[in-house]
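Raw contents of run-v1.pdb, PDB, C-alpha atoms:
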ATOM      1  CA  MET Q   1       2.625 -12.392 -24.450
ATOM      2  CA  ARG Q   2       0.772 -10.540 -27.187
ATOM      3  CA  ASP Q   3      -2.269 -10.330 -24.902
ATOM      4  CA  LEU Q   4      -0.336  -8.112 -22.469
ATOM      5  CA  GLY Q   5      -0.005  -5.451 -25.147
ATOM      6  CA  VAL Q   6      -3.606  -5.899 -26.256
ATOM      7  CA  GLY Q   7      -4.816  -5.447 -22.669
ATOM      8  CA  PHE Q   8      -2.802  -2.260 -22.286
ATOM      9  CA  GLY Q   9      -4.220  -1.124 -25.620
ATOM     10  CA  TYR Q  10      -7.750  -1.295 -24.202
ATOM     11  CA  LEU Q  11      -6.669   0.932 -21.320
ATOM     12  CA  VAL Q  12      -5.346   3.489 -23.815
ATOM     13  CA  LYS Q  13      -8.459   3.197 -25.998
ATOM     14  CA  GLY Q  14     -10.661   3.884 -22.988
ATOM     15  CA  GLN Q  15      -8.784   7.075 -22.182
ATOM     16  CA  ARG Q  16      -9.026   8.143 -25.814
ATOM     17  CA  TRP Q  17     -12.763   7.471 -25.794
ATOM     18  CA  VAL Q  18     -13.430   9.803 -22.855
ATOM     19  CA  GLY Q  19     -11.027  12.304 -24.405
ATOM     20  CA  ARG Q  20     -13.297  12.432 -27.466
ATOM     21  CA  HIS Q  21     -16.426  12.619 -25.293
ATOM     22  CA  GLY Q  22     -15.582  15.354 -22.811
ATOM     23  CA  ARG Q  23     -19.063  15.529 -21.290
ATOM     24  CA  TRP Q  24     -18.863  11.884 -20.263
ATOM     25  CA  PHE Q  25     -15.380  12.402 -18.847
ATOM     26  CA  GLY Q  26     -16.666  15.125 -16.514
ATOM     27  CA  PHE Q  27     -19.716  13.007 -15.685
ATOM     28  CA  GLY Q  28     -17.476  10.091 -14.691
ATOM     29  CA  LEU Q  29     -15.192  12.206 -12.470
ATOM     30  CA  LEU Q  30     -17.761  12.889  -9.756
ATOM     31  CA  PRO Q  31     -17.782   9.491  -7.960
ATOM     32  CA  GLY Q  32     -13.982   9.354  -7.920
ATOM     33  CA  LEU Q  33     -13.693  12.807  -6.379
ATOM     34  CA  ILE Q  34     -16.054  11.868  -3.555
ATOM     35  CA  THR Q  35     -14.218   8.609  -2.857
ATOM     36  CA  LEU Q  36     -10.795  10.266  -3.086
ATOM     37  CA  VAL Q  37     -11.612  12.670  -0.242
ATOM     38  CA  LEU Q  38     -12.665   9.760   1.994
ATOM     39  CA  TYR Q  39      -9.590   7.660   1.190
ATOM     40  CA  ALA Q  40      -7.159  10.546   1.535
ATOM     41  CA  ALA Q  41      -8.443  11.187   5.052
ATOM     42  CA  ALA Q  42      -8.121   7.492   5.920
ATOM     43  CA  LEU Q  43      -4.536   7.212   4.593
ATOM     44  CA  VAL Q  44      -3.447  10.391   6.374
ATOM     45  CA  GLY Q  45      -4.859   8.939   9.585
ATOM     46  CA  LEU Q  46      -3.016   5.668   8.975
ATOM     47  CA  GLY Q  47       0.212   7.548   8.232
ATOM     48  CA  TYR Q  48       0.021   9.343  11.563
ATOM     49  CA  GLY Q  49      -1.136   6.355  13.555
ATOM     50  CA  ALA Q  50       0.801   3.423  12.085
ATOM     51  CA  ASP Q  51       3.844   3.871  14.345
ATOM     52  CA  THR Q  52       1.640   4.104  17.433
ATOM     53  CA  LEU Q  53      -0.210   0.959  16.379
ATOM     54  CA  VAL Q  54       3.044  -0.941  15.809
ATOM     55  CA  THR Q  55       4.463   0.196  19.163
ATOM     56  CA  TRP Q  56       1.298  -0.965  20.916
ATOM     57  CA  ALA Q  57       1.442  -4.339  19.119
ATOM     58  CA  THR Q  58       5.128  -5.006  19.945
ATOM     59  CA  PRO Q  59       5.527  -4.502  23.717
ATOM     60  CA  PHE Q  60       8.049  -7.351  23.754
ATOM     61  CA  ALA Q  61      10.521  -5.072  21.922
ATOM     62  CA  ASP Q  62      10.543  -2.398  24.651
ATOM     63  CA  ASP Q  63      13.595  -3.909  26.326
ATOM     64  CA  TRP Q  64      15.531  -4.634  23.147
ATOM     65  CA  SER Q  65      18.845  -2.877  22.729
ATOM     66  CA  SER Q  66      19.377  -0.257  20.038
ATOM     67  CA  PRO Q  67      19.009  -0.380  17.064
ATOM     68  CA  TRP Q  68      16.970  -3.610  16.947
ATOM     69  CA  ALA Q  69      13.726  -2.322  18.467
ATOM     70  CA  GLY Q  70      13.705   0.714  16.189
ATOM     71  CA  LEU Q  71      14.587  -1.375  13.148
ATOM     72  CA  LEU Q  72      11.795  -3.864  13.825
ATOM     73  CA  ARG Q  73       9.182  -1.196  14.447
ATOM     74  CA  THR Q  74      10.216   0.894  11.469
ATOM     75  CA  THR Q  75       9.994  -2.162   9.221
ATOM     76  CA  LEU Q  76       6.583  -3.100  10.591
ATOM     77  CA  THR Q  77       5.351   0.499  10.255
ATOM     78  CA  VAL Q  78       6.358   0.553   6.589
ATOM     79  CA  LEU Q  79       4.680  -2.817   6.041
ATOM     80  CA  VAL Q  80       1.471  -1.714   7.771
ATOM     81  CA  PHE Q  81       1.265   1.459   5.687
ATOM     82  CA  GLY Q  82       2.156  -0.514   2.548
ATOM     83  CA  LEU Q  83      -0.619  -2.988   3.316
ATOM     84  CA  GLY Q  84      -3.032  -0.109   3.852
ATOM     85  CA  LEU Q  85      -1.988   1.431   0.541
ATOM     86  CA  PHE Q  86      -2.350  -1.934  -1.199
ATOM     87  CA  LEU Q  87      -5.877  -2.344   0.179
ATOM     88  CA  ALA Q  88      -6.706   1.265  -0.722
ATOM     89  CA  VAL Q  89      -5.741   0.669  -4.362
ATOM     90  CA  ILE Q  90      -7.930  -2.433  -4.514
ATOM     91  CA  THR Q  91     -10.922  -1.119  -2.595
ATOM     92  CA  PHE Q  92     -10.848   2.341  -4.206
ATOM     93  CA  THR Q  93     -12.232   0.933  -7.423
ATOM     94  CA  ALA Q  94     -14.881  -1.148  -5.641
ATOM     95  CA  VAL Q  95     -16.060   1.757  -3.490
ATOM     96  CA  THR Q  96     -15.954   4.240  -6.367
ATOM     97  CA  LEU Q  97     -17.939   1.878  -8.580
ATOM     98  CA  LEU Q  98     -20.479   1.391  -5.808
ATOM     99  CA  VAL Q  99     -20.797   5.147  -5.211
ATOM    100  CA  GLY Q 100     -20.898   5.834  -8.932
ATOM    101  CA  GLN Q 101     -23.028   2.879 -10.068
ATOM    102  CA  PRO Q 102     -25.597   5.003 -11.952
ATOM    103  CA  PHE Q 103     -22.838   7.184 -13.447
ATOM    104  CA  TYR Q 104     -20.706   4.313 -14.715
ATOM    105  CA  GLU Q 105     -23.676   2.267 -15.941
ATOM    106  CA  SER Q 106     -24.648   5.194 -18.152
ATOM    107  CA  LEU Q 107     -21.056   5.711 -19.305
ATOM    108  CA  SER Q 108     -20.626   2.013 -20.128
ATOM    109  CA  GLU Q 109     -23.913   1.945 -22.034
ATOM    110  CA  GLN Q 110     -22.798   4.967 -24.040
ATOM    111  CA  VAL Q 111     -19.539   3.212 -24.955
ATOM    112  CA  ASP Q 112     -21.537   0.207 -26.180
ATOM    113  CA  ARG Q 113     -23.826   2.524 -28.098
ATOM    114  CA  THR Q 114     -21.008   4.362 -29.890
ATOM    115  CA  GLU Q 115     -19.221   1.098 -30.737
ATOM    116  CA  GLY Q 116     -22.302  -0.318 -32.416
ATOM    117  CA  GLY Q 117     -24.236  -3.495 -31.942
ATOM    118  CA  GLU Q 118     -26.584  -4.411 -29.117
ATOM    119  CA  VAL Q 119     -26.587  -2.301 -25.947
ATOM    120  CA  PRO Q 120     -27.333  -4.818 -23.177
ATOM    121  CA  GLU Q 121     -29.422  -3.783 -20.192
ATOM    122  CA  SER Q 122     -29.778  -5.709 -16.947
ATOM    123  CA  GLY Q 123     -33.460  -4.861 -16.601
ATOM    124  CA  LEU Q 124     -33.031  -4.731 -12.826
ATOM    125  CA  PRO Q 125     -34.064  -1.845 -10.559
ATOM    126  CA  LEU Q 126     -31.259   0.370  -9.272
ATOM    127  CA  TRP Q 127     -31.447  -0.957  -5.707
ATOM    128  CA  ARG Q 128     -31.026  -4.503  -7.009
ATOM    129  CA  GLU Q 129     -27.990  -3.553  -9.093
ATOM    130  CA  LEU Q 130     -26.457  -1.793  -6.092
ATOM    131  CA  TRP Q 131     -27.053  -4.839  -3.922
ATOM    132  CA  ILE Q 132     -25.423  -7.194  -6.447
ATOM    133  CA  SER Q 133     -22.451  -4.830  -6.894
ATOM    134  CA  ALA Q 134     -21.964  -4.467  -3.132
ATOM    135  CA  ARG Q 135     -22.248  -8.215  -2.547
ATOM    136  CA  ASP Q 136     -19.785  -9.073  -5.326
ATOM    137  CA  SER Q 137     -17.387  -6.360  -4.129
ATOM    138  CA  VAL Q 138     -17.364  -7.896  -0.654
ATOM    139  CA  ARG Q 139     -16.594 -11.300  -2.159
ATOM    140  CA  ILE Q 140     -13.732  -9.823  -4.148
ATOM    141  CA  LEU Q 141     -12.395  -7.982  -1.089
ATOM    142  CA  VAL Q 142     -12.390 -11.231   0.900
ATOM    143  CA  ARG Q 143     -10.220 -12.792  -1.792
ATOM    144  CA  VAL Q 144      -7.967  -9.744  -1.831
ATOM    145  CA  GLY Q 145      -7.721  -9.834   1.963
ATOM    146  CA  LEU Q 146      -6.504 -13.436   1.867
ATOM    147  CA  TYR Q 147      -3.871 -12.554  -0.720
ATOM    148  CA  SER Q 148      -2.855  -9.526   1.338
ATOM    149  CA  VAL Q 149      -2.280 -11.598   4.459
ATOM    150  CA  LEU Q 150      -0.185 -14.124   2.528
ATOM    151  CA  LEU Q 151       1.883 -11.446   0.805
ATOM    152  CA  PHE Q 152       2.342  -9.590   4.089
ATOM    153  CA  GLY Q 153       3.786 -12.759   5.626
ATOM    154  CA  PHE Q 154       6.020 -13.510   2.642
ATOM    155  CA  GLY Q 155       7.291  -9.927   2.830
ATOM    156  CA  PHE Q 156       9.486 -10.940   5.783
ATOM    157  CA  ILE Q 157      11.439 -13.445   3.656
ATOM    158  CA  PRO Q 158      14.834 -11.921   2.780
ATOM    159  CA  VAL Q 159      15.290 -10.935  -0.889
ATOM    160  CA  VAL Q 160      12.059 -12.647  -1.977
ATOM    161  CA  GLY Q 161      10.020 -10.279   0.178
ATOM    162  CA  GLN Q 162      11.608  -7.254  -1.461
ATOM    163  CA  THR Q 163      11.564  -8.487  -5.078
ATOM    164  CA  VAL Q 164       9.115 -11.272  -5.923
ATOM    165  CA  VAL Q 165       6.377 -10.344  -3.444
ATOM    166  CA  PRO Q 166       5.851  -6.762  -4.761
ATOM    167  CA  VAL Q 167       5.573  -8.101  -8.323
ATOM    168  CA  ILE Q 168       2.972 -10.668  -7.271
ATOM    169  CA  GLY Q 169       1.173  -7.954  -5.297
ATOM    170  CA  PHE Q 170       0.862  -5.731  -8.368
ATOM    171  CA  CYS Q 171      -0.383  -8.674 -10.436
ATOM    172  CA  VAL Q 172      -3.044  -9.429  -7.812
ATOM    173  CA  THR Q 173      -3.965  -5.747  -7.726
ATOM    174  CA  GLY Q 174      -4.216  -5.540 -11.506
ATOM    175  CA  TYR Q 175      -6.257  -8.715 -11.851
ATOM    176  CA  PHE Q 176      -8.918  -7.697  -9.358
ATOM    177  CA  LEU Q 177      -8.975  -4.109 -10.618
ATOM    178  CA  ALA Q 178      -9.781  -5.483 -14.051
ATOM    179  CA  GLU Q 179     -12.527  -7.664 -12.563
ATOM    180  CA  GLU Q 180     -14.151  -4.755 -10.743
ATOM    181  CA  LEU Q 181     -14.075  -2.528 -13.815
ATOM    182  CA  THR Q 182     -15.274  -5.081 -16.359
ATOM    183  CA  ALA Q 183     -18.086  -6.005 -13.947
ATOM    184  CA  VAL Q 184     -19.922  -2.813 -14.953
ATOM    185  CA  ALA Q 185     -20.311  -4.055 -18.531
ATOM    186  CA  LEU Q 186     -20.496  -7.773 -17.772
ATOM    187  CA  GLN Q 187     -23.271  -7.453 -15.195
ATOM    188  CA  ARG Q 188     -25.367  -5.759 -17.860
ATOM    189  CA  ARG Q 189     -24.725  -8.903 -19.899
ATOM    190  CA  SER Q 190     -26.173 -10.997 -17.054
ATOM    191  CA  MET Q 191     -22.882 -12.547 -15.954
ATOM    192  CA  VAL Q 192     -22.465 -13.603 -12.339
ATOM    193  CA  LEU Q 193     -19.204 -13.221 -10.413
ATOM    194  CA  LYS Q 194     -18.144 -16.859 -10.831
ATOM    195  CA  ASP Q 195     -18.489 -16.652 -14.609
ATOM    196  CA  ARG Q 196     -16.745 -13.267 -14.770
ATOM    197  CA  LEU Q 197     -13.738 -14.639 -12.910
ATOM    198  CA  ALA Q 198     -13.639 -17.705 -15.167
ATOM    199  CA  LEU Q 199     -13.798 -15.454 -18.225
ATOM    200  CA  LEU Q 200     -10.879 -13.348 -17.006
ATOM    201  CA  ARG Q 201      -8.823 -16.401 -16.035
ATOM    202  CA  GLY Q 202      -9.245 -17.666 -19.583
ATOM    203  CA  ARG Q 203      -7.455 -14.525 -20.830
ATOM    204  CA  ARG Q 204      -5.158 -13.922 -17.870
ATOM    205  CA  LEU Q 205      -2.432 -12.043 -19.748
ATOM    206  CA  LEU Q 206      -5.008  -9.808 -21.405
ATOM    207  CA  THR Q 207      -6.504  -9.067 -17.977
ATOM    208  CA  LEU Q 208      -3.095  -8.313 -16.439
ATOM    209  CA  GLY Q 209      -2.103  -6.147 -19.391
ATOM    210  CA  PHE Q 210      -5.138  -3.987 -18.672
ATOM    211  CA  GLY Q 211      -5.125  -4.071 -14.864
ATOM    212  CA  VAL Q 212      -1.459  -3.946 -13.793
ATOM    213  CA  PRO Q 213      -0.566  -0.624 -15.504
ATOM    214  CA  LEU Q 214      -3.792   0.812 -14.117
ATOM    215  CA  GLY Q 215      -2.918  -0.398 -10.614
ATOM    216  CA  LEU Q 216       0.516   1.191 -10.867
ATOM    217  CA  ALA Q 217      -1.007   4.454 -12.092
ATOM    218  CA  PHE Q 218      -3.506   4.435  -9.226
ATOM    219  CA  LEU Q 219      -0.582   4.676  -6.779
ATOM    220  CA  VAL Q 220       0.014   8.253  -7.921
ATOM    221  CA  PRO Q 221      -2.138  10.698  -5.927
ATOM    222  CA  PHE Q 222      -5.204  12.000  -7.788
ATOM    223  CA  VAL Q 223      -4.399   9.946 -10.892
ATOM    224  CA  ALA Q 224      -7.029   7.330 -10.061
ATOM    225  CA  VAL Q 225      -9.792   9.933 -10.106
ATOM    226  CA  PHE Q 226      -8.898  11.201 -13.566
ATOM    227  CA  LEU Q 227      -8.306   7.733 -15.012
ATOM    228  CA  MET Q 228     -11.524   6.162 -13.695
ATOM    229  CA  PRO Q 229     -13.867   7.363 -16.488
ATOM    230  CA  GLY Q 230     -11.442   6.123 -19.139
ATOM    231  CA  ALA Q 231     -10.831   2.919 -17.182
ATOM    232  CA  VAL Q 232     -14.562   2.152 -17.194
ATOM    233  CA  ALA Q 233     -14.713   2.921 -20.925
ATOM    234  CA  GLY Q 234     -11.671   0.739 -21.615
ATOM    235  CA  ALA Q 235     -13.062  -2.077 -19.458
ATOM    236  CA  THR Q 236     -16.282  -1.952 -21.470
ATOM    237  CA  LEU Q 237     -14.296  -2.292 -24.696
ATOM    238  CA  LEU Q 238     -12.365  -5.171 -23.111
ATOM    239  CA  ALA Q 239     -15.597  -6.848 -22.002
ATOM    240  CA  ARG Q 240     -16.983  -6.577 -25.539
ATOM    241  CA  ASP Q 241     -13.922  -8.454 -26.805
ATOM    242  CA  LEU Q 242     -14.137 -11.135 -24.112
ATOM    243  CA  VAL Q 243     -17.814 -11.964 -24.671
ATOM    244  CA  ALA Q 244     -17.872 -11.491 -28.447
ATOM    245  CA  PRO Q 245     -17.896 -15.276 -29.179
ATOM    246  CA  GLU Q 246     -20.789 -15.822 -26.769
ATOM    247  CA  GLU Q 247     -22.741 -12.904 -28.256
ATOM    248  CA  ASP Q 248     -22.175 -14.236 -31.753
ATOM    249  CA  ASP Q 249     -23.434 -17.663 -30.684
ATOM    250  CA  ASP Q 250     -26.586 -16.075 -29.291
ATOM    251  CA  GLU Q 251     -27.282 -14.374 -32.631
ATOM    252  CA  ASP Q 252     -26.913 -17.714 -34.439
ATOM    253  CA  ASP Q 253     -29.259 -19.505 -32.043
ATOM    254  CA  ASP Q 254     -32.090 -17.182 -31.048
ATOM    255  CA  ALA Q 255     -33.983 -20.000 -29.360
ATOM    256  CA  GLY Q 256     -31.076 -21.004 -27.153
ATOM    257  CA  PRO Q 257     -30.810 -19.982 -23.509
ATOM    258  CA  ALA Q 258     -28.673 -17.025 -22.451
ATOM    259  CA  PRO Q 259     -25.156 -18.220 -21.484
ATOM    260  CA  TYR Q 260     -25.147 -16.412 -18.156
ATOM    261  CA  THR Q 261     -27.734 -15.470 -15.580
ATOM    262  CA  LEU Q 262     -27.645 -13.163 -12.602
ATOM    263  CA  GLN Q 263     -27.654 -14.838  -9.213
ATOM    264  CA  LYS Q 264     -30.936 -14.601  -7.384
ATOM    265  CA  GLY Q 265     -29.493 -14.448  -3.897
TER     266      GLY Q 265
END

Here is a file; write its structure as structure tokens.
Amino acid sequence: MRDLGVGFGYLVKGQRWVGRHGRWFGFGLLPGLITLVLYAAALVGLGYGADTLVTWATPFADDWSSPWAGLLRTTLTVLVFGLGLFLAVITFTAVTLLVGQPFYESLSEQVDRTEGGEVPESGLPLWRELWISARDSVRILVRVGLYSVLLFGFGFIPVVGQTVVPVIGFCVTGYFLAEELTAVALQRRSMVLKDRLALLRGRRLLTLGFGVPLGLAFLVPFVAVFLMPGAVAGATLLARDLVAPEEDDDEDDDAGPAPYTLQKG
């Protein structure tokens, strides 16, 4: 359980880091602001259109007596918007990181530089880094989509759907948020998606301690934009902790192969 507090500590440390480096905080805000405008428009559209979509999808309820048709459609409308919000929280980070790849790479490198030690560089051209980030983000979103469908179905189970399912949903959100954010630093350390996920699974409580509070905070309008620079900084600090043993091993065995390599495909 100690790892939960340690993970949250990295989130706080990241916010403190950008607080001490105001120029980098402003630099890291730009991608989030662009993405926020796009997502706000999409969620407003979903808010206005969810009831129409549910009505179209449930023609069998047209002849139901009151209040059953209204109760069913209201419940489904809330679930549809909740699912959209859940996906927005998850994909916001992926899209923002993709839009802000050059920004966050520079920010993450600066965190490594100020913390001392080696500052890893991928050595790849920007287009290649963008391609790898986009490809890995799609793979993560497929996983998230599968979880979303399952949780959406379990949401209809009485009591469990209103208690256990939301908790699991926030854990899923937090875990994949942490993966997306630590990917900025771990990709520079030549780690592929499979190895990043294995690394995070090995410290699951640490990952959840970092990601779940961040996922909850991202539900508050505009908060995600202002927390993103610090989240990237904190994720870099977290990544440094996670790979420290491997980095130490590399220093002891200069002739040995690097523990991780970027995928070629």

Can you list, as a JSON list (two decimals) with C-alpha atoms, in the frame of the given file, the residues that the PyMOL selection byres ((chain Q and resi 24-36) around 9) selects here?
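Okay, this is what ended up in selection29.json:
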[["chain", "number", "residue", "atom", "x", "y", "z"],
["Q", 17, "TRP", "CA", -12.76, 7.47, -25.79],
["Q", 18, "VAL", "CA", -13.43, 9.80, -22.86],
["Q", 19, "GLY", "CA", -11.03, 12.30, -24.40],
["Q", 20, "ARG", "CA", -13.30, 12.43, -27.47],
["Q", 21, "HIS", "CA", -16.43, 12.62, -25.29],
["Q", 22, "GLY", "CA", -15.58, 15.35, -22.81],
["Q", 23, "ARG", "CA", -19.06, 15.53, -21.29],
["Q", 37, "VAL", "CA", -11.61, 12.67, -0.24],
["Q", 38, "LEU", "CA", -12.66, 9.76, 1.99],
["Q", 39, "TYR", "CA", -9.59, 7.66, 1.19],
["Q", 40, "ALA", "CA", -7.16, 10.55, 1.54],
["Q", 41, "ALA", "CA", -8.44, 11.19, 5.05],
["Q", 92, "PHE", "CA", -10.85, 2.34, -4.21],
["Q", 93, "THR", "CA", -12.23, 0.93, -7.42],
["Q", 95, "VAL", "CA", -16.06, 1.76, -3.49],
["Q", 96, "THR", "CA", -15.95, 4.24, -6.37],
["Q", 97, "LEU", "CA", -17.94, 1.88, -8.58],
["Q", 98, "LEU", "CA", -20.48, 1.39, -5.81],
["Q", 99, "VAL", "CA", -20.80, 5.15, -5.21],
["Q", 100, "GLY", "CA", -20.90, 5.83, -8.93],
["Q", 101, "GLN", "CA", -23.03, 2.88, -10.07],
["Q", 103, "PHE", "CA", -22.84, 7.18, -13.45],
["Q", 104, "TYR", "CA", -20.71, 4.31, -14.72],
["Q", 107, "LEU", "CA", -21.06, 5.71, -19.30],
["Q", 110, "GLN", "CA", -22.80, 4.97, -24.04],
["Q", 222, "PHE", "CA", -5.20, 12.00, -7.79],
["Q", 224, "ALA", "CA", -7.03, 7.33, -10.06],
["Q", 225, "VAL", "CA", -9.79, 9.93, -10.11],
["Q", 226, "PHE", "CA", -8.90, 11.20, -13.57],
["Q", 227, "LEU", "CA", -8.31, 7.73, -15.01],
["Q", 228, "MET", "CA", -11.52, 6.16, -13.70],
["Q", 229, "PRO", "CA", -13.87, 7.36, -16.49],
["Q", 230, "GLY", "CA", -11.44, 6.12, -19.14],
["Q", 232, "VAL", "CA", -14.56, 2.15, -17.19]]

Inset, instruction - Given the file shown, determine the residues that the PyMOL selection byres ((chain Q and resi 183) around 9) selects; report them as JSON, numbers by chain. - result: {"Q": [133, 178, 179, 180, 181, 182, 184, 185, 186, 187, 188, 191, 192, 193, 196, 235, 236, 239]}

Please dump the current selection as a JSON list (two decimals), in the coordinates of the input; keep C-alpha atoms.
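Saved to out06.json:
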[["chain", "number", "residue", "atom", "x", "y", "z"],
["Q", 133, "SER", "CA", -22.45, -4.83, -6.89],
["Q", 178, "ALA", "CA", -9.78, -5.48, -14.05],
["Q", 179, "GLU", "CA", -12.53, -7.66, -12.56],
["Q", 180, "GLU", "CA", -14.15, -4.76, -10.74],
["Q", 181, "LEU", "CA", -14.08, -2.53, -13.82],
["Q", 182, "THR", "CA", -15.27, -5.08, -16.36],
["Q", 184, "VAL", "CA", -19.92, -2.81, -14.95],
["Q", 185, "ALA", "CA", -20.31, -4.06, -18.53],
["Q", 186, "LEU", "CA", -20.50, -7.77, -17.77],
["Q", 187, "GLN", "CA", -23.27, -7.45, -15.20],
["Q", 188, "ARG", "CA", -25.37, -5.76, -17.86],
["Q", 191, "MET", "CA", -22.88, -12.55, -15.95],
["Q", 192, "VAL", "CA", -22.46, -13.60, -12.34],
["Q", 193, "LEU", "CA", -19.20, -13.22, -10.41],
["Q", 196, "ARG", "CA", -16.74, -13.27, -14.77],
["Q", 235, "ALA", "CA", -13.06, -2.08, -19.46],
["Q", 236, "THR", "CA", -16.28, -1.95, -21.47],
["Q", 239, "ALA", "CA", -15.60, -6.85, -22.00]]

Inset, instruction - To one decimal in Å, tell me the separation between atom CA of Asp136 of chain Q and atom CA of Tyr175 of chain Q. - result: 15.0 Å

Legend entry - Two-atom distance - atom CA of Tyr10 of chain Q, atom CA of Asp195 of chain Q (Å): 21.1 Å

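Remark: residues at most 9 Å from position (-0.4, -11.7, -25.5) in file coordinates are Met1, Arg2, Asp3, Leu4, Gly5, Val6, Gly7, Arg203, Leu205, Leu206 and Gly209 of chain Q, using all atoms listed in the file.
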
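Distance check against Val80 of chain Q using only C-alpha atoms: of Q:Ala61, Q:Leu53, Q:Val164, Q:Leu141, the minimum falls on Q:Leu53.
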
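The closest residue to Glu121 of chain Q, picked from Q:Asp51, Q:Ala231, Q:Ser190, Q:Thr77 and counting only C-alpha atoms, is Q:Ser190.
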
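Using only C-alpha atoms for every distance, the candidate list Q:Ala244, Q:Arg128, Q:Phe86, Q:Leu197 yields Q:Phe86 as the residue closest to Pro166 of chain Q.
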
Residues at most 10 Å from Asp112 of chain Q, counting all atoms listed in the file, excluding those fewer than 4 positions away in the same chain, as a compact mmCIF listing (two decimals) with C-alpha atoms, in the frame of the given file?
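Generated file (result18.txt):
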# COMPACT_ATOMS: atom_id res chain seq x y z
CA SER Q 106 -24.65 5.19 -18.15
CA LEU Q 107 -21.06 5.71 -19.30
CA SER Q 108 -20.63 2.01 -20.13
CA GLY Q 116 -22.30 -0.32 -32.42
CA GLY Q 117 -24.24 -3.50 -31.94
CA GLU Q 118 -26.58 -4.41 -29.12
CA VAL Q 119 -26.59 -2.30 -25.95
CA PRO Q 120 -27.33 -4.82 -23.18
CA ALA Q 185 -20.31 -4.06 -18.53
CA ALA Q 233 -14.71 2.92 -20.92
CA THR Q 236 -16.28 -1.95 -21.47
CA LEU Q 237 -14.30 -2.29 -24.70
CA ARG Q 240 -16.98 -6.58 -25.54

Inset, instruction - Carefully work through the PyMOL selection byres ((chain Q and resi 58) around 12) for this structure and note down the residues it includes, as a PyMOL selection string. - result: chain Q and resi 51-57+59-64+69-70+72-74+76-77

Prev. selection, C-alpha atoms, output as a compact mmCIF listing (two decimals), in the frame of the given file:
# COMPACT_ATOMS: atom_id res chain seq x y z
CA ASP Q 51 3.84 3.87 14.34
CA THR Q 52 1.64 4.10 17.43
CA LEU Q 53 -0.21 0.96 16.38
CA VAL Q 54 3.04 -0.94 15.81
CA THR Q 55 4.46 0.20 19.16
CA TRP Q 56 1.30 -0.96 20.92
CA ALA Q 57 1.44 -4.34 19.12
CA PRO Q 59 5.53 -4.50 23.72
CA PHE Q 60 8.05 -7.35 23.75
CA ALA Q 61 10.52 -5.07 21.92
CA ASP Q 62 10.54 -2.40 24.65
CA ASP Q 63 13.60 -3.91 26.33
CA TRP Q 64 15.53 -4.63 23.15
CA ALA Q 69 13.73 -2.32 18.47
CA GLY Q 70 13.70 0.71 16.19
CA LEU Q 72 11.80 -3.86 13.82
CA ARG Q 73 9.18 -1.20 14.45
CA THR Q 74 10.22 0.89 11.47
CA LEU Q 76 6.58 -3.10 10.59
CA THR Q 77 5.35 0.50 10.26

Quick one: axis-aligned box around all listed atoms of segment 204-220 of chain Q, 8 Å on every side, centre and edge lengths in Å to one decimal, written as JSON.
{"center_x": -3.0, "center_y": -2.8, "center_z": -14.1, "size_x": 23.0, "size_y": 38.2, "size_z": 30.6}

Legend entry - Atom pair atom CA of Glu105 of chain Q / atom CA of Val220 of chain Q: separation (Å): 25.7 Å
